[in-house]
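Visitor: Sharing entry.txt (compact mmCIF, C-alpha atoms and all ligand atoms) below.
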# COMPACT_ATOMS: atom_id res chain seq x y z
CA MET T 1 0.00 0.00 0.00
CA LEU T 2 1.43 3.33 -1.08
CA ILE T 3 1.11 6.51 0.93
CA LEU T 4 2.16 9.61 -1.03
CA THR T 5 2.19 13.14 0.39
CA CYS T 6 0.46 15.46 -2.05
CA PRO T 7 2.61 18.56 -2.52
CA ALA T 8 -0.47 20.68 -3.33
CA CYS T 9 -2.44 20.10 -0.13
CA GLY T 10 0.08 18.37 2.16
CA ILE T 11 -2.13 15.35 2.86
CA ALA T 12 -0.43 11.99 3.27
CA ALA T 13 -2.80 10.31 0.85
CA ASP T 14 -3.51 6.63 0.77
CA GLU T 15 -3.25 4.77 -2.53
CA THR T 16 -7.05 4.50 -2.68
CA GLU T 17 -7.34 8.30 -2.66
CA LEU T 18 -5.00 8.58 -5.63
CA HIS T 19 -5.27 7.95 -9.33
CA PRO T 20 -2.17 6.69 -11.13
CA GLY T 21 -1.01 8.74 -14.11
CA GLY T 22 1.76 6.56 -15.49
CA GLU T 23 5.36 7.43 -16.13
CA ALA T 24 6.63 10.92 -15.34
CA HIS T 25 8.29 13.43 -17.67
CA VAL T 26 7.21 11.88 -20.94
CA ALA T 27 7.91 14.47 -23.64
CA ARG T 28 5.79 14.48 -26.75
CA ALA T 29 7.69 13.73 -29.95
CA GLY T 30 7.16 16.12 -32.79
CA PRO T 31 5.77 17.86 -34.69
CA HIS T 32 7.61 16.43 -37.70
CA ALA T 33 8.97 13.58 -35.58
CA SER T 34 9.80 10.29 -37.27
CA GLU T 35 7.24 7.51 -36.96
CA GLU T 36 9.68 5.61 -34.80
CA ALA T 37 10.11 8.52 -32.38
CA PHE T 38 6.36 9.07 -32.22
CA SER T 39 5.74 5.39 -31.63
CA ASP T 40 8.28 5.48 -28.81
CA TYR T 41 6.53 8.47 -27.29
CA LEU T 42 3.21 6.65 -27.40
CA PHE T 43 4.20 3.15 -26.38
CA SER T 44 7.70 2.85 -24.92
CA ARG T 45 7.96 3.17 -21.18
CA GLU T 46 10.59 2.54 -18.56
CA ASN T 47 10.11 -0.62 -16.56
CA PRO T 48 12.75 -0.27 -13.85
CA ARG T 49 13.57 -2.55 -10.99
CA GLY T 50 14.39 0.21 -8.53
CA VAL T 51 14.06 3.97 -8.75
CA HIS T 52 11.06 5.12 -10.76
CA PHE T 53 9.31 8.43 -11.42
CA GLU T 54 5.56 8.57 -11.83
CA ARG T 55 2.62 10.93 -12.09
CA TRP T 56 -0.25 10.65 -9.64
CA ARG T 57 -3.44 12.59 -9.14
CA HIS T 58 -4.91 13.34 -5.73
CA ALA T 59 -8.33 12.35 -7.07
CA MET T 60 -10.20 11.82 -3.78
CA GLY T 61 -8.75 15.01 -2.36
CA CYS T 62 -7.59 18.33 -3.73
CA GLY T 63 -7.71 17.00 -7.30
CA LYS T 64 -4.19 18.08 -8.23
CA TRP T 65 -1.64 16.16 -10.27
CA PHE T 66 1.84 15.70 -8.85
CA HIS T 67 5.01 13.68 -9.35
CA ALA T 68 6.40 10.94 -7.14
CA ALA T 69 9.74 9.14 -6.98
CA ARG T 70 9.73 5.68 -5.48
CA CYS T 71 11.48 2.33 -5.54
CA THR T 72 9.53 -0.37 -7.39
CA VAL T 73 11.26 -3.11 -5.37
CA THR T 74 10.88 -1.87 -1.81
CA LEU T 75 8.06 0.68 -2.32
CA GLU T 76 10.25 3.22 -0.52
CA ILE T 77 9.07 6.74 -1.35
CA PHE T 78 11.91 9.15 -2.07
CA GLY T 79 9.65 12.14 -2.40
CA THR T 80 6.85 13.91 -4.22
CA TYR T 81 7.04 17.15 -6.16
CA ARG T 82 4.82 19.49 -8.14
CA ALA T 83 3.35 18.60 -11.51
CA ASP T 84 4.51 21.58 -13.55
CA CYS T 85 8.13 20.69 -14.16
CA THR T 86 10.06 18.65 -16.70
CA ALA T 87 12.64 17.17 -14.32
CA PRO T 88 12.82 16.12 -10.65
CA PRO T 89 14.15 18.79 -8.27
CA GLU T 90 17.87 18.57 -7.49
CA ALA T 91 17.27 18.07 -3.75
CA LEU T 92 15.24 14.96 -4.50
CA LEU T 93 17.88 13.57 -6.88
CA GLU T 94 20.42 14.13 -4.10
CA ARG T 95 18.26 12.12 -1.70
CA ILE T 96 17.99 9.25 -4.19
CA ARG T 97 21.77 9.28 -4.78
CA ALA T 98 22.27 8.88 -1.04
CA ALA T 99 19.74 6.04 -0.79
CA ARG T 100 20.60 4.20 -4.03
CA PRO T 101 24.21 4.87 -5.05
CA GLY T 102 24.77 4.36 -8.76
CA TRP T 103 21.08 4.50 -9.76
CA SER T 104 19.92 5.81 -13.10
CA TRP T 105 16.58 6.41 -14.81
CA ARG T 106 16.57 7.64 -18.38
CA ASP T 107 19.08 10.52 -18.35
CA PHE T 108 18.87 11.08 -14.60
CA LYS T 109 21.61 9.68 -12.38
CA MET E 1 -38.19 21.67 -12.77
CA SER E 2 -37.45 18.43 -10.94
CA GLU E 3 -37.70 18.31 -7.17
CA ARG E 4 -34.67 17.85 -4.98
CA VAL E 5 -34.73 14.29 -3.70
CA THR E 6 -33.13 13.67 -0.33
CA PRO E 7 -33.06 10.48 1.72
CA ALA E 8 -34.73 10.19 5.10
CA ALA E 9 -33.35 12.37 7.87
CA GLY E 10 -31.03 10.72 10.36
CA GLY E 11 -31.20 10.45 14.12
CA ARG E 12 -29.31 8.84 16.92
CA ASN E 13 -27.55 5.55 16.35
CA GLY E 14 -25.49 4.25 19.23
CA ALA E 15 -23.35 7.04 20.61
CA LEU E 16 -23.56 9.15 17.48
CA ARG E 17 -26.22 11.56 16.29
CA ILE E 18 -26.33 11.76 12.52
CA MET E 19 -28.14 14.77 11.11
CA GLY E 20 -28.80 15.42 7.47
CA PRO E 21 -28.48 15.43 4.61
CA GLU E 22 -28.87 19.15 4.83
CA SER E 23 -28.85 21.44 1.84
CA ARG E 24 -26.80 24.56 2.48
CA GLY E 25 -25.92 27.57 0.42
CA MET E 26 -22.63 26.63 -1.24
CA VAL E 27 -20.55 28.63 -3.65
CA THR E 28 -17.44 27.33 -5.36
CA LEU E 29 -14.77 29.90 -6.09
CA ARG E 30 -11.83 28.94 -8.26
CA ALA E 31 -8.96 31.38 -8.52
CA ASP E 32 -5.27 31.50 -7.63
CA LEU E 33 -5.57 31.82 -3.84
CA ALA E 34 -1.89 32.68 -3.49
CA ASP E 35 -2.42 35.76 -5.68
CA GLU E 36 -2.66 38.76 -3.35
CA THR E 37 -4.63 40.72 -5.95
CA ILE E 38 -7.41 38.15 -5.64
CA ALA E 39 -7.53 38.31 -1.84
CA ALA E 40 -7.47 42.11 -1.93
CA ALA E 41 -10.22 42.29 -4.57
CA LEU E 42 -12.43 39.94 -2.56
CA GLY E 43 -12.13 42.31 0.42
CA ASP E 44 -15.36 42.60 2.40
CA VAL E 45 -17.24 40.27 0.03
CA LEU E 46 -15.39 37.58 1.98
CA PRO E 47 -15.43 38.81 5.60
CA LEU E 48 -13.81 35.56 6.76
CA GLY E 49 -10.87 36.17 4.45
CA VAL E 50 -9.06 33.50 2.46
CA PRO E 51 -8.42 30.46 4.68
CA GLY E 52 -4.98 28.88 4.79
CA ARG E 53 -4.13 25.42 3.51
CA ARG E 54 -6.80 22.89 4.63
CA GLU E 55 -8.33 25.47 6.96
CA GLY E 56 -12.06 25.93 7.47
CA ARG E 57 -13.34 29.24 8.85
CA HIS E 58 -16.88 29.95 9.95
CA ASP E 59 -19.12 32.56 11.47
CA GLY E 60 -22.73 31.52 11.89
CA ALA E 61 -24.04 30.26 8.55
CA LYS E 62 -21.05 31.76 6.76
CA GLY E 63 -18.08 29.55 6.05
CA ALA E 64 -14.94 29.52 3.95
CA LEU E 65 -13.29 26.14 3.39
CA TRP E 66 -9.96 25.55 1.65
CA MET E 67 -10.42 22.86 -0.98
CA SER E 68 -7.23 23.13 -3.05
CA PRO E 69 -4.62 25.78 -3.94
CA ASP E 70 -7.15 27.28 -6.36
CA GLU E 71 -10.52 26.38 -4.87
CA LEU E 72 -12.61 27.65 -1.96
CA LEU E 73 -15.95 26.32 -0.81
CA LEU E 74 -18.02 29.18 0.57
CA LEU E 75 -21.00 28.45 2.81
CA CYS E 76 -23.95 30.77 3.24
CA GLU E 77 -27.70 30.77 3.86
CA ARG E 78 -29.51 28.45 1.45
CA ASP E 79 -31.18 31.30 -0.42
CA GLY E 80 -28.13 33.59 -0.32
CA ALA E 81 -25.89 31.71 -2.75
CA GLY E 82 -27.10 33.47 -5.90
CA ALA E 83 -26.42 36.90 -4.40
CA LEU E 84 -22.98 35.82 -3.17
CA VAL E 85 -22.06 34.56 -6.64
CA ALA E 86 -23.07 37.93 -8.10
CA ARG E 87 -21.07 39.91 -5.50
CA ILE E 88 -17.93 37.80 -6.03
CA GLY E 89 -18.32 38.10 -9.79
CA GLU E 90 -18.40 41.88 -9.44
CA ALA E 91 -15.44 41.99 -7.04
CA LEU E 92 -13.26 39.80 -9.27
CA ASP E 93 -14.33 41.38 -12.55
CA GLY E 94 -11.34 41.37 -14.90
CA LEU E 95 -9.40 38.84 -12.78
CA HIS E 96 -9.10 35.21 -13.84
CA HIS E 97 -11.62 33.26 -11.76
CA LEU E 98 -14.69 31.05 -11.81
CA VAL E 99 -17.56 31.28 -9.35
CA ALA E 100 -20.66 29.08 -9.30
CA ASP E 101 -23.65 28.29 -7.09
CA MET E 102 -23.13 24.63 -6.14
CA SER E 103 -25.88 24.44 -3.48
CA ASP E 104 -27.88 21.85 -5.41
CA ALA E 105 -24.82 19.70 -6.05
CA ARG E 106 -23.89 18.92 -2.47
CA ALA E 107 -25.25 17.75 0.87
CA VAL E 108 -23.95 18.11 4.42
CA PHE E 109 -24.18 15.65 7.29
CA THR E 110 -23.51 16.72 10.86
CA LEU E 111 -22.17 14.13 13.28
CA GLU E 112 -22.56 14.76 17.00
CA GLY E 113 -20.94 12.64 19.65
CA GLU E 114 -17.55 11.85 21.07
CA GLU E 115 -17.13 8.83 18.83
CA TYR E 116 -17.23 10.53 15.45
CA ARG E 117 -13.50 9.88 14.93
CA GLU E 118 -14.07 6.17 15.52
CA VAL E 119 -16.94 6.02 13.07
CA LEU E 120 -15.24 7.98 10.30
CA ALA E 121 -12.03 5.97 10.73
CA LYS E 122 -13.99 2.83 9.80
CA LEU E 123 -15.06 4.28 6.48
CA GLY E 124 -11.93 5.63 4.86
CA PRO E 125 -8.14 5.89 4.81
CA ALA E 126 -7.87 9.33 6.47
CA ASP E 127 -5.85 9.49 9.69
CA MET E 128 -8.65 10.31 12.13
CA SER E 129 -6.44 10.58 15.22
CA PRO E 130 -6.44 14.04 16.86
CA ARG E 131 -2.84 14.42 15.69
CA GLY E 132 -3.70 13.44 12.13
CA LEU E 133 -6.73 15.67 11.80
CA ALA E 134 -7.16 18.70 14.03
CA HIS E 135 -10.21 20.80 14.83
CA GLY E 136 -10.89 23.41 12.19
CA GLU E 137 -9.16 21.37 9.51
CA VAL E 138 -10.82 20.28 6.28
CA ARG E 139 -9.77 16.87 4.97
CA ARG E 140 -10.96 15.80 1.56
CA THR E 141 -10.91 12.04 1.35
CA ARG E 142 -12.86 8.93 0.53
CA LEU E 143 -15.66 7.39 2.61
CA GLY E 144 -16.58 3.97 1.32
CA GLN E 145 -16.73 4.41 -2.42
CA ILE E 146 -17.36 8.15 -2.63
CA PRO E 147 -15.35 11.36 -2.25
CA ALA E 148 -16.20 13.40 0.85
CA ALA E 149 -14.87 16.37 2.80
CA LEU E 150 -14.51 16.10 6.57
CA TRP E 151 -14.64 19.28 8.59
CA LEU E 152 -13.97 18.85 12.30
CA ARG E 153 -15.81 21.48 14.28
CA GLY E 154 -14.88 20.32 17.79
CA ASP E 155 -14.49 17.32 20.09
CA THR E 156 -18.07 16.26 19.59
CA ARG E 157 -19.04 17.72 16.24
CA ALA E 158 -17.94 17.04 12.68
CA GLU E 159 -19.46 17.89 9.34
CA VAL E 160 -19.23 15.69 6.27
CA ILE E 161 -19.84 17.14 2.81
CA CYS E 162 -20.58 14.94 -0.19
CA PHE E 163 -22.30 15.11 -3.55
CA ARG E 164 -26.08 15.19 -3.13
CA SER E 165 -26.50 12.33 -5.59
CA VAL E 166 -24.69 9.99 -3.18
CA ALA E 167 -26.10 11.41 0.08
CA GLY E 168 -28.33 8.38 0.51
CA TYR E 169 -25.34 6.07 0.24
CA LEU E 170 -23.33 8.14 2.74
CA HIS E 171 -26.24 8.28 5.17
CA ASP E 172 -26.52 4.49 5.18
CA LEU E 173 -22.77 4.15 5.46
CA LEU E 174 -22.56 6.45 8.51
CA TRP E 175 -25.62 4.86 10.06
CA GLN E 176 -24.21 1.36 9.81
CA ALA E 177 -20.73 2.34 11.00
CA ALA E 178 -22.24 3.98 14.11
CA ALA E 179 -24.43 1.01 15.01
CA PRO E 180 -24.36 -0.09 18.68
CA GLY E 181 -22.10 -3.07 19.24
CA GLY E 182 -19.68 -1.98 16.53
CA ARG E 183 -17.54 0.24 18.71
CA VAL E 184 -13.79 -0.19 18.16
CA GLY E 185 -12.55 2.19 20.85
CA TYR E 186 -9.13 2.54 19.21
CA PHE E 187 -8.71 6.23 19.97
CA GLN E 188 -9.38 5.66 23.68
CA ARG E 189 -6.96 2.76 24.04
CA ALA E 190 -3.63 3.16 25.79
CA ASP E 191 -1.96 1.54 22.75
CA GLY E 192 -4.02 3.68 20.37
CA PRO E 193 -2.62 6.40 18.13
CA PRO E 194 0.33 8.45 19.43
CA ALA E 195 -0.83 11.68 21.06
ZN ZN W 201 -3.77 17.03 -2.62
In structure tokens, how does this file's structure come out?
Ligand SMILES: [Zn+2]

Guide:
Amino acid sequence: MLILTCPACGIAADETELHPGGEAHVARAGPHASEEAFSDYLFSRENPRGVHFERWRHAMGCGKWFHAARCTVTLEIFGTYRADCTAPPEALLERIRAARPGWSWRDFK
Amino acid sequence: MSERVTPAAGGRNGALRIMGPESRGMVTLRADLADETIAAALGDVLPLGVPGRREGRHDGAKGALWMSPDELLLLCERDGAGALVARIGEALDGLHHLVADMSDARAVFTLEGEEYREVLAKLGPADMSPRGLAHGEVRRTRLGQIPAALWLRGDTRAEVICFRSVAGYLHDLLWQAAAPGGRVGYFQRADGPPA
């Protein structure tokens, strides 16, 4: 059972109050992208064993979207952060480096 | 026009008095609450001011409840919502906002009794310990299968706001959870939640 703290309202929300929004920081390919790049954007996702970044929505609550970083193996939550950004905040990356030396996820290390 | 349909009024069940569903004047205001221009423009249209994060303020029938960083739920007399919408619309003219009379969309239940924390804790994932949810705080959460807002008014009084269309479901849910013989007593136990 996941408990994520919503950065918009500060509630430690239970998984049943949240709606999953899939992988975080997916950038749309195009316009004029190749079919391969567009197909990747639509269908290719990370499937890590370890550190992962996701989008969640505080559906049964303040209604806001936010980002979360967690470990898919241990369910450890590294942190949550606001929705309107294209990369995790540096302080959070620092925390993950301390907890999981040598981790990487896409271009983040 | 169709009539408002509301389920049967509540009463006392076990240690809890369940009143409602009650239809109150409710106005939803959506605007950037952190924007000082908005708060200043609202001025005396909102005598209670803009509540802080998860805060609920009240004065008689008037109330201002924080719903999200860009949403307030304003309470007023049942027949005063239309006028309040008009006054807010005037005050925020030219500023990005949305204001609507939501009185028909929602219902309020009032729970009276020392055991309301026990009863609500049975129905959803919210931390109902005094440390997890303080008086005056508004907690939007889930009760059973529906979204609801909990507003703790004191040691023996809480209000629960839900959509009117599911008020019957919530009434039955509260009624059953409060039934005599179903008392858990967790919040009174020595090994209960940390103080
Ligand atoms: Zn939230």

Visitor: Could you give me, as a PyMOL selection string, the residues that have an atom at most 9 Å away from the point (-7.5, 31.1, -8.9) in the coordinates of the file, using only C-alpha atoms?

Guide: chain E and resi 29-35+38+69-71+95-98

Visitor: Tell me, counting all atoms listed in the file, for each residue of chain T within 8 Å of chain E, which pair of atoms is nearest and how far apart they are in Å to one decimal, in rows ordered by chain and increasing number, as CSV.

Guide:
residue,atom,partner,partner_atom,distance
T:Ala8,CA,E:Pro69,CA,6.6
T:Cys9,CA,E:Ser68,CA,6.4
T:Ala13,CA,E:Ala126,CA,7.6
T:Asp14,CA,E:Pro125,CA,6.2
T:Thr16,CA,E:Pro125,CA,7.7
T:Glu17,CA,E:Arg142,CA,6.4
T:Met60,CA,E:Thr141,CA,5.2
T:Gly61,CA,E:Arg140,CA,4.6
T:Cys62,CA,E:Ser68,CA,4.9
T:Gly63,CA,E:Ser68,CA,7.5
T:Lys64,CA,E:Ser68,CA,7.8

Visitor: Can those selected residues be exported to a file as a tab-separated table (two decimals), in the frame of the given file so that it contains C-alpha atoms?

Guide:
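Writing the result to part.tsv gives the following:
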chain	number	residue	atom	x	y	z
T	8	ALA	CA	-0.47	20.68	-3.33
T	9	CYS	CA	-2.44	20.10	-0.13
T	13	ALA	CA	-2.80	10.31	0.85
T	14	ASP	CA	-3.51	6.63	0.77
T	16	THR	CA	-7.05	4.50	-2.68
T	17	GLU	CA	-7.34	8.30	-2.66
T	60	MET	CA	-10.20	11.82	-3.78
T	61	GLY	CA	-8.75	15.01	-2.36
T	62	CYS	CA	-7.59	18.33	-3.73
T	63	GLY	CA	-7.71	17.00	-7.30
T	64	LYS	CA	-4.19	18.08	-8.23

Visitor: Hey, which of T:His58, T:His19, T:Asp40, T:Thr74 ends up closest to ligand ZN 201 (chain W)? Count all atoms listed in the file.

Guide: T:His58

Visitor: Would you list the contacts of His58 in chain E as number ranges by chain, taking every protein, DNA or RNA residue within 8 Å and counting all atoms listed in the file, but skipping same-chain residues closer than 5 positions in sequence?

Guide: E: 48, 63-64

Visitor: Out of T:Thr5, T:Ser39, T:Ser34, T:Thr72, which residue has the shortest atom-to-atom distance to ligand ZN 201 (chain W) when counting only C-alpha atoms and all ligand atoms?

Guide: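 With only C-alpha atoms and all ligand atoms as the atom set, the closest residue is T:Thr5.
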
Visitor: Could you tell me which of E:Val166, E:Ala39, E:Val138, E:Ala177 comes closest to ligand ZN 201 (chain W) if we count all atoms listed in the file?

Guide: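 Of the candidates, the smallest distance to ligand ZN 201 (chain W) is held by E:Val138.
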
Visitor: CA of Leu42 in chain E to CA of Asp101 in chain E: how many Å, to one decimal?

Guide: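 Separation between CA of Leu42 in chain E and CA of Asp101 in chain E: 16.8 Å.
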
Visitor: In Å, how far is it from CA of Ile96 in chain T to CA of Arg70 in chain T?

Guide: 9.1 Å

Visitor: Could you name the residues that touch range 80-90 of chain T at 9 Å or less, counting all atoms listed in the file, but leaving out those on the same chain fewer than 3 positions away, as a list of chain:residue names?

Guide: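 The residues satisfying every condition are T:Leu4, T:Thr5, T:Cys6, T:Pro7, T:Ala8, T:Ala24, T:His25, T:Val26, T:Ala27, T:Phe53, T:Arg55, T:Trp56, T:Lys64, T:Trp65, T:Phe66, T:His67, T:Ala68, T:Ala69, T:Arg70, T:Ile77, T:Leu93, T:Glu94, T:Arg95, T:Phe108.
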
Visitor: Which residue out of E:Phe163, E:Leu173, E:Glu118, E:Ile88 has the minimum interatomic distance to Ala41 in chain E when all atoms listed in the file are used?

Guide: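 Using all atoms listed in the file, the shortest distance to Ala41 in chain E belongs to E:Ile88.
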
Visitor: With a distance cut-off of 12 Å and all atoms listed in the file, select the neighbouring residues of Gly11 in chain E, excluding the residue or stretch itself and same-chain residues fewer than 2 positions from it, and output the selection as an mmCIF file with C-alpha atoms, keeping the file's coordinate frame.

Guide:
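The result, written out as out.cif:
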data_model
loop_
_atom_site.group_PDB
_atom_site.id
_atom_site.type_symbol
_atom_site.label_atom_id
_atom_site.label_comp_id
_atom_site.auth_asym_id
_atom_site.auth_seq_id
_atom_site.Cartn_x
_atom_site.Cartn_y
_atom_site.Cartn_z
ATOM 1 C CA ALA E 8 -34.730 10.190 5.100
ATOM 2 C CA ALA E 9 -33.350 12.370 7.870
ATOM 3 C CA ASN E 13 -27.550 5.550 16.350
ATOM 4 C CA GLY E 14 -25.490 4.250 19.230
ATOM 5 C CA ALA E 15 -23.350 7.040 20.610
ATOM 6 C CA LEU E 16 -23.560 9.150 17.480
ATOM 7 C CA ARG E 17 -26.220 11.560 16.290
ATOM 8 C CA ILE E 18 -26.330 11.760 12.520
ATOM 9 C CA MET E 19 -28.140 14.770 11.110
ATOM 10 C CA GLY E 20 -28.800 15.420 7.470
ATOM 11 C CA PRO E 21 -28.480 15.430 4.610
ATOM 12 C CA PHE E 109 -24.180 15.650 7.290
ATOM 13 C CA THR E 110 -23.510 16.720 10.860
ATOM 14 C CA LEU E 111 -22.170 14.130 13.280
ATOM 15 C CA GLU E 112 -22.560 14.760 17.000
ATOM 16 C CA GLY E 113 -20.940 12.640 19.650
ATOM 17 C CA HIS E 171 -26.240 8.280 5.170
ATOM 18 C CA ASP E 172 -26.520 4.490 5.180
ATOM 19 C CA LEU E 174 -22.560 6.450 8.510
ATOM 20 C CA TRP E 175 -25.620 4.860 10.060
ATOM 21 C CA ALA E 178 -22.240 3.980 14.110
ATOM 22 C CA ALA E 179 -24.430 1.010 15.010
#

Visitor: Would you please work out which residue, of T:Gly22, T:Gly79, T:Pro31, T:Gly10, is nearest to ligand ZN 201 (chain W) when using all atoms listed in the file?

Guide: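 Of T:Gly22, T:Gly79, T:Pro31, T:Gly10, the one nearest ligand ZN 201 (chain W) is T:Gly10, counting all atoms listed in the file.
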